[in-house]
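A.B. asks: Next comes the structure file coords-v3.cif, holding mmCIF, C-alpha atoms.
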data_structure
#
loop_
_atom_site.label_atom_id
_atom_site.label_comp_id
_atom_site.auth_asym_id
_atom_site.auth_seq_id
_atom_site.Cartn_x
_atom_site.Cartn_y
_atom_site.Cartn_z
CA MET A 150 0.00 0.00 0.00
CA HIS A 151 1.20 3.48 -0.80
CA GLU A 152 1.28 6.04 1.97
CA ARG A 153 -0.52 9.35 1.67
CA ALA A 154 0.73 12.26 3.77
CA PRO A 155 -1.48 15.01 5.20
CA GLY A 156 -2.51 18.11 3.31
CA THR A 157 -3.68 17.17 -0.18
CA GLN A 158 -6.80 16.29 -2.08
CA SER A 159 -7.96 12.69 -2.49
CA THR A 160 -9.10 13.13 -6.10
CA PRO A 161 -6.40 13.45 -8.74
CA THR A 162 -6.43 16.28 -11.20
CA GLY A 163 -5.80 15.48 -14.84
CA PRO A 164 -2.27 14.87 -16.04
CA ALA A 165 -0.14 17.80 -17.11
CA PRO A 166 -0.53 18.45 -20.84
CA VAL A 167 1.77 16.61 -23.23
CA SER A 168 3.62 18.90 -25.62
CA VAL A 169 2.68 18.35 -29.25
CA HIS A 170 6.10 19.75 -30.12
CA PHE A 171 7.76 17.01 -28.04
CA VAL A 172 5.69 14.25 -29.68
CA ASN A 173 6.44 15.58 -33.18
CA ASN A 174 10.16 15.78 -32.39
CA VAL A 175 10.22 12.21 -31.08
CA LEU A 176 8.43 11.01 -34.23
CA ALA A 177 10.98 12.88 -36.34
CA ALA A 178 13.82 11.27 -34.38
CA ALA A 179 12.27 7.82 -34.92
CA ALA A 180 11.92 8.56 -38.64
CA SER A 181 15.59 9.54 -38.82
CA TYR A 182 16.58 6.10 -37.50
CA ILE A 183 14.37 4.02 -39.85
CA GLU A 184 16.92 3.54 -42.64
CA VAL A 185 20.14 3.36 -40.61
CA GLU A 186 19.02 1.80 -37.31
CA PRO A 187 15.56 0.22 -37.68
CA ASP A 188 15.76 -1.44 -34.25
CA THR A 189 16.37 1.96 -32.65
CA ALA A 190 13.44 3.44 -34.58
CA ARG A 191 11.21 0.61 -33.34
CA ASP A 192 12.42 1.14 -29.75
CA VAL A 193 11.78 4.89 -29.92
CA LEU A 194 8.23 4.32 -31.20
CA ALA A 195 7.54 1.70 -28.49
CA GLU A 196 8.85 4.12 -25.82
CA LEU A 197 6.65 6.89 -27.22
CA GLY A 198 3.65 4.57 -26.97
CA ALA A 199 4.48 3.81 -23.32
CA PHE A 200 4.97 7.51 -22.60
CA LEU A 201 1.62 8.48 -24.11
CA SER A 202 -0.18 5.58 -22.45
CA HIS A 203 1.02 6.71 -19.02
CA ARG A 204 0.13 10.35 -19.58
CA LEU A 205 -3.11 10.21 -21.55
CA ARG A 206 -5.18 7.88 -19.37
CA PRO A 207 -7.98 9.39 -17.27
CA ALA A 208 -6.99 11.22 -14.07
CA ARG A 209 -5.65 8.85 -11.42
CA PHE A 210 -2.87 8.40 -8.91
CA VAL A 211 0.19 6.23 -9.58
CA PRO A 212 3.00 5.10 -7.29
CA LEU A 213 5.98 7.46 -7.30
CA ALA A 214 8.13 4.55 -8.49
CA GLN A 215 5.87 4.20 -11.55
CA GLU A 216 6.12 7.94 -12.25
CA LEU A 217 9.92 7.62 -12.10
CA ASP A 218 9.69 4.73 -14.60
CA HIS A 219 7.76 7.19 -16.79
CA VAL A 220 10.55 9.74 -16.32
CA ALA A 221 13.03 7.05 -17.47
CA VAL A 222 10.97 6.51 -20.64
CA TYR A 223 10.92 10.26 -21.22
CA VAL A 224 14.71 10.39 -20.77
CA ARG A 225 15.25 7.61 -23.32
CA LEU A 226 13.09 9.53 -25.80
CA GLU A 227 15.16 12.67 -25.24
CA GLN A 228 18.37 10.66 -25.61
CA ALA A 229 17.06 9.44 -28.99
CA ARG A 230 16.38 13.05 -29.97
CA PHE A 231 19.76 14.31 -28.70
CA PRO A 232 22.24 11.42 -29.11
CA GLY A 233 25.27 11.73 -26.87
CA ARG A 234 24.10 14.95 -25.20
CA LEU A 235 22.21 13.69 -22.19
CA GLU A 236 23.41 11.82 -19.11
CA VAL A 237 20.82 10.97 -16.48
CA GLU A 238 20.87 9.37 -13.07
CA LEU A 239 17.50 8.40 -11.57
CA PRO A 240 16.81 6.83 -8.18
CA ALA A 241 16.06 3.11 -8.07
CA ALA A 242 12.43 2.19 -7.45
CA SER A 243 13.48 0.66 -4.13
CA GLY A 244 14.96 4.00 -3.09
CA VAL A 245 11.80 6.10 -3.29
CA PRO A 246 9.05 6.48 -0.71
CA ALA A 247 5.85 4.47 -1.23
CA ILE A 248 3.65 7.46 -2.06
CA GLU A 249 1.44 8.24 -5.03
CA CYS A 250 1.29 11.18 -7.43
CA VAL A 251 -0.54 12.32 -10.53
CA PRO A 252 1.01 11.12 -13.82
CA GLY A 253 3.32 13.80 -15.16
CA GLN A 254 3.72 15.53 -11.79
CA VAL A 255 7.43 14.68 -11.75
CA GLN A 256 8.11 14.31 -15.47
CA ALA A 257 6.63 17.65 -16.55
CA PRO A 258 8.82 19.94 -14.37
CA LEU A 259 11.90 17.84 -15.17
CA ALA A 260 11.07 18.14 -18.88
CA ASP A 261 10.76 21.93 -18.58
CA ALA A 262 14.15 22.26 -16.90
CA LEU A 263 15.85 19.74 -19.18
CA GLY A 264 14.42 21.38 -22.30
CA ARG A 265 15.76 24.73 -21.13
CA TRP A 266 19.21 23.28 -20.41
CA LEU A 267 19.43 21.48 -23.77
CA GLY A 268 18.22 24.59 -25.57
CA GLU A 269 20.70 26.94 -23.90
CA ARG A 270 23.78 24.73 -24.15
CA ARG A 271 25.57 22.97 -26.97
CA GLY A 272 27.45 20.30 -25.02
CA ARG A 273 26.43 17.41 -22.81
CA VAL A 274 23.94 17.98 -20.03
CA ARG A 275 23.75 15.84 -16.89
CA MET A 276 20.61 15.47 -14.79
CA ALA A 277 20.77 13.66 -11.44
CA VAL A 278 17.53 13.07 -9.55
CA ARG A 279 17.36 12.17 -5.87
CA ALA A 280 14.34 11.39 -3.69
CA ARG A 281 14.16 12.65 -0.14
CA LEU A 282 13.55 9.65 2.10
CA ASP A 283 10.80 11.45 3.98
CA GLY A 284 8.80 11.65 0.73
CA SER A 285 8.59 15.44 0.81
CA ALA A 286 10.38 16.14 -2.48
CA LEU A 287 12.49 15.06 -5.38
CA GLU A 288 15.56 17.12 -6.18
CA ALA A 289 17.20 17.29 -9.59
CA GLN A 290 20.59 18.79 -10.30
CA PHE A 291 21.51 19.90 -13.80
CA ASP A 292 25.07 20.62 -14.91
CA GLU A 293 27.47 20.44 -17.83
CA PRO A 294 30.05 17.70 -17.21
CA ASP A 295 32.37 19.01 -19.95
CA ASP A 296 32.45 22.61 -18.71
CA PRO A 297 34.07 23.02 -15.29
CA ALA A 298 33.14 26.73 -15.28
CA SER A 299 29.43 25.93 -15.68
CA THR A 300 27.07 26.66 -12.82
CA ALA A 301 24.74 23.86 -11.72
CA GLU A 302 21.02 24.32 -11.18
CA ARG A 303 18.81 22.54 -8.66
CA VAL A 304 15.13 21.90 -9.23
CA ARG A 305 12.97 20.83 -6.31
CA ILE A 306 9.67 19.06 -6.93
CA ALA A 307 7.55 19.12 -3.79
CA LEU A 308 5.66 15.91 -3.07
CA GLN A 309 3.07 16.86 -0.52
CA SER A 310 0.44 14.19 -0.20
CA ASN A 311 -2.83 13.78 1.61
CA ALA A 312 -3.94 11.36 4.32
CA THR A 313 -4.56 8.64 1.72
CA GLY A 314 -0.98 8.84 0.31
CA SER A 315 -1.69 10.64 -2.94
CA VAL A 316 0.51 13.54 -3.90
CA VAL A 317 -0.97 16.75 -5.24
#
How does the structure come out when it is put into structure tokens?

C.D. replies:
Amino acid sequence: MHERAPGTQSTPTGPAPVSVHFVNNVLAAAASYIEVEPDTARDVLAELGAFLSHRLRPARFVPLAQELDHVAVYVRLEQARFPGRLEVELPAASGVPAIECVPGQVQAPLADALGRWLGERRGRVRMAVRARLDGSALEAQFDEPDDPASTAERVRIALQSNATGSVV
């Protein structure tokens, strides 16, 4: 059973919107692999299907570990779009608190920050995500591993949940 902390609603709101631009770019990346790496193209399309399935279902709560699996799918899609530019470290499912959240609650803010970092920089970008053991937040750090003068950025995603264990 997944814990719900005090202070949030028991009914999930709908998932954060999926960017049409993102979907079109992933489809273009898959198309670019068709002739030279058909297995990669197939993998990218399967990952896109999993991504959309997670995000486009009716409003519900999912375990945080499942949302982080969704983040991993998103990361693989971005790695297909930006080969060699993205390094990511995500927490293991066993290392996150047993709480629930709305699909996209973690992925959407990470996508915003990652998109900004990839858009503003030409080199590799590293994203490391850590879960606070008390279940209060996830913290992501973004940096450029090839530029020692680069300044890192931290993004904190609050995970406040209600008495039934769902995060809002």

A.B. asks: In terms of the shortest atom-to-atom distance over all atoms listed in the file, which of A:Val245, A:Pro232, A:Leu205, A:Ala289 is closest to Tyr182 in chain A?

C.D. replies: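 Using all atoms listed in the file, the shortest distance to Tyr182 in chain A belongs to A:Pro232.
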
A.B. asks: Please provide as a PDB file with C-alpha atoms, in the frame of the given file all residues within 12 Å of Glu238 in chain A, with the sequence filter that same-chain residues fewer than 5 positions apart are discarded (counting only C-alpha atoms).

C.D. replies:
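Saved to around-v7.pdb:
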ATOM      1  CA  LEU A 217       9.920   7.620 -12.100  1.00  0.00           C
ATOM      2  CA  VAL A 220      10.550   9.740 -16.320  1.00  0.00           C
ATOM      3  CA  ALA A 221      13.030   7.050 -17.470  1.00  0.00           C
ATOM      4  CA  VAL A 224      14.710  10.390 -20.770  1.00  0.00           C
ATOM      5  CA  ARG A 225      15.250   7.610 -23.320  1.00  0.00           C
ATOM      6  CA  VAL A 274      23.940  17.980 -20.030  1.00  0.00           C
ATOM      7  CA  ARG A 275      23.750  15.840 -16.890  1.00  0.00           C
ATOM      8  CA  MET A 276      20.610  15.470 -14.790  1.00  0.00           C
ATOM      9  CA  ALA A 277      20.770  13.660 -11.440  1.00  0.00           C
ATOM     10  CA  VAL A 278      17.530  13.070  -9.550  1.00  0.00           C
ATOM     11  CA  ARG A 279      17.360  12.170  -5.870  1.00  0.00           C
ATOM     12  CA  ALA A 280      14.340  11.390  -3.690  1.00  0.00           C
ATOM     13  CA  GLU A 288      15.560  17.120  -6.180  1.00  0.00           C
ATOM     14  CA  ALA A 289      17.200  17.290  -9.590  1.00  0.00           C
ATOM     15  CA  GLN A 290      20.590  18.790 -10.300  1.00  0.00           C
ATOM     16  CA  PHE A 291      21.510  19.900 -13.800  1.00  0.00           C
TER      17      PHE A 291
END

A.B. asks: Using the chain letters and numbering of this document, enumerate as a list of chain:residue names the residues selected by the PyMOL selection byres ((chain A and resi 301) around 9).

C.D. replies: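 Listing what the PyMOL selection byres ((chain A and resi 301) around 9) selects in the shown file: A:Gln290, A:Phe291, A:Asp292, A:Glu293, A:Ser299, A:Thr300, A:Glu302, A:Arg303.
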
A.B. asks: For Ala260 in chain A, list every protein, DNA or RNA residue within 10 Å, evaluated using all atoms listed in the file, and leave out those in the same chain fewer than 5 positions away; present the list as a list in words.

C.D. replies: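 My list of contacting residues is Phe171, Val220, Tyr223, Val224, Glu227, Gly253, Val255, Arg265 and Trp266 of chain A.
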
A.B. asks: Take the residues just selected and output them with C-alpha atoms as a PDB file, keeping the file's coordinate frame.

C.D. replies:
ATOM      1  CA  PHE A 171       7.760  17.010 -28.040  1.00  0.00           C
ATOM      2  CA  VAL A 220      10.550   9.740 -16.320  1.00  0.00           C
ATOM      3  CA  TYR A 223      10.920  10.260 -21.220  1.00  0.00           C
ATOM      4  CA  VAL A 224      14.710  10.390 -20.770  1.00  0.00           C
ATOM      5  CA  GLU A 227      15.160  12.670 -25.240  1.00  0.00           C
ATOM      6  CA  GLY A 253       3.320  13.800 -15.160  1.00  0.00           C
ATOM      7  CA  VAL A 255       7.430  14.680 -11.750  1.00  0.00           C
ATOM      8  CA  ARG A 265      15.760  24.730 -21.130  1.00  0.00           C
ATOM      9  CA  TRP A 266      19.210  23.280 -20.410  1.00  0.00           C
TER      10      TRP A 266
END

A.B. asks: Using all atoms listed in the file, which residue out of A:Val304, A:Gln228, A:Pro166, A:Gln215 lies closest to Thr189 in chain A?

C.D. replies: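 Of A:Val304, A:Gln228, A:Pro166, A:Gln215, the one nearest Thr189 in chain A is A:Gln228, counting all atoms listed in the file.
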
A.B. asks: Restricting the calculation to only C-alpha atoms: of A:Val237, A:Leu287, A:Val169, A:Leu176, which residue gets closest to Val193 in chain A?

C.D. replies: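 Among the listed residues, the smallest separation from Val193 in chain A belongs to A:Leu176.
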
A.B. asks: Figure out the distance between CA of Ala229 in chain A and CA of Gln256 in chain A, please, to one decimal in Å.

C.D. replies: 16.9 Å

A.B. asks: Calculated over all atoms listed in the file, which of the candidates A:Ala199, A:Ala307, A:Ala242, A:Ala208 has the smallest distance to Gly284 in chain A?

C.D. replies: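 The shortest atom-to-atom distance to Gly284 in chain A comes from A:Ala307.
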
A.B. asks: Here's the selection I'm unsure about, the PyMOL selection byres ((chain A and resi 285) around 7); applied to the file above, which residues does it give, as a ChimeraX atom specification?

C.D. replies: /A:281,283-284,286,307-309

A.B. asks: Using all atoms listed in the file, which of A:Val222, A:Leu263, A:Val167, A:Val211 sits nearest Ile248 in chain A?

C.D. replies: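 Nearest candidate to Ile248 in chain A out of A:Val222, A:Leu263, A:Val167, A:Val211: A:Val211.
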
A.B. asks: Do you have the CA of Pro246 in chain A-CA of Leu226 in chain A distance handy?

C.D. replies: 25.6 Å
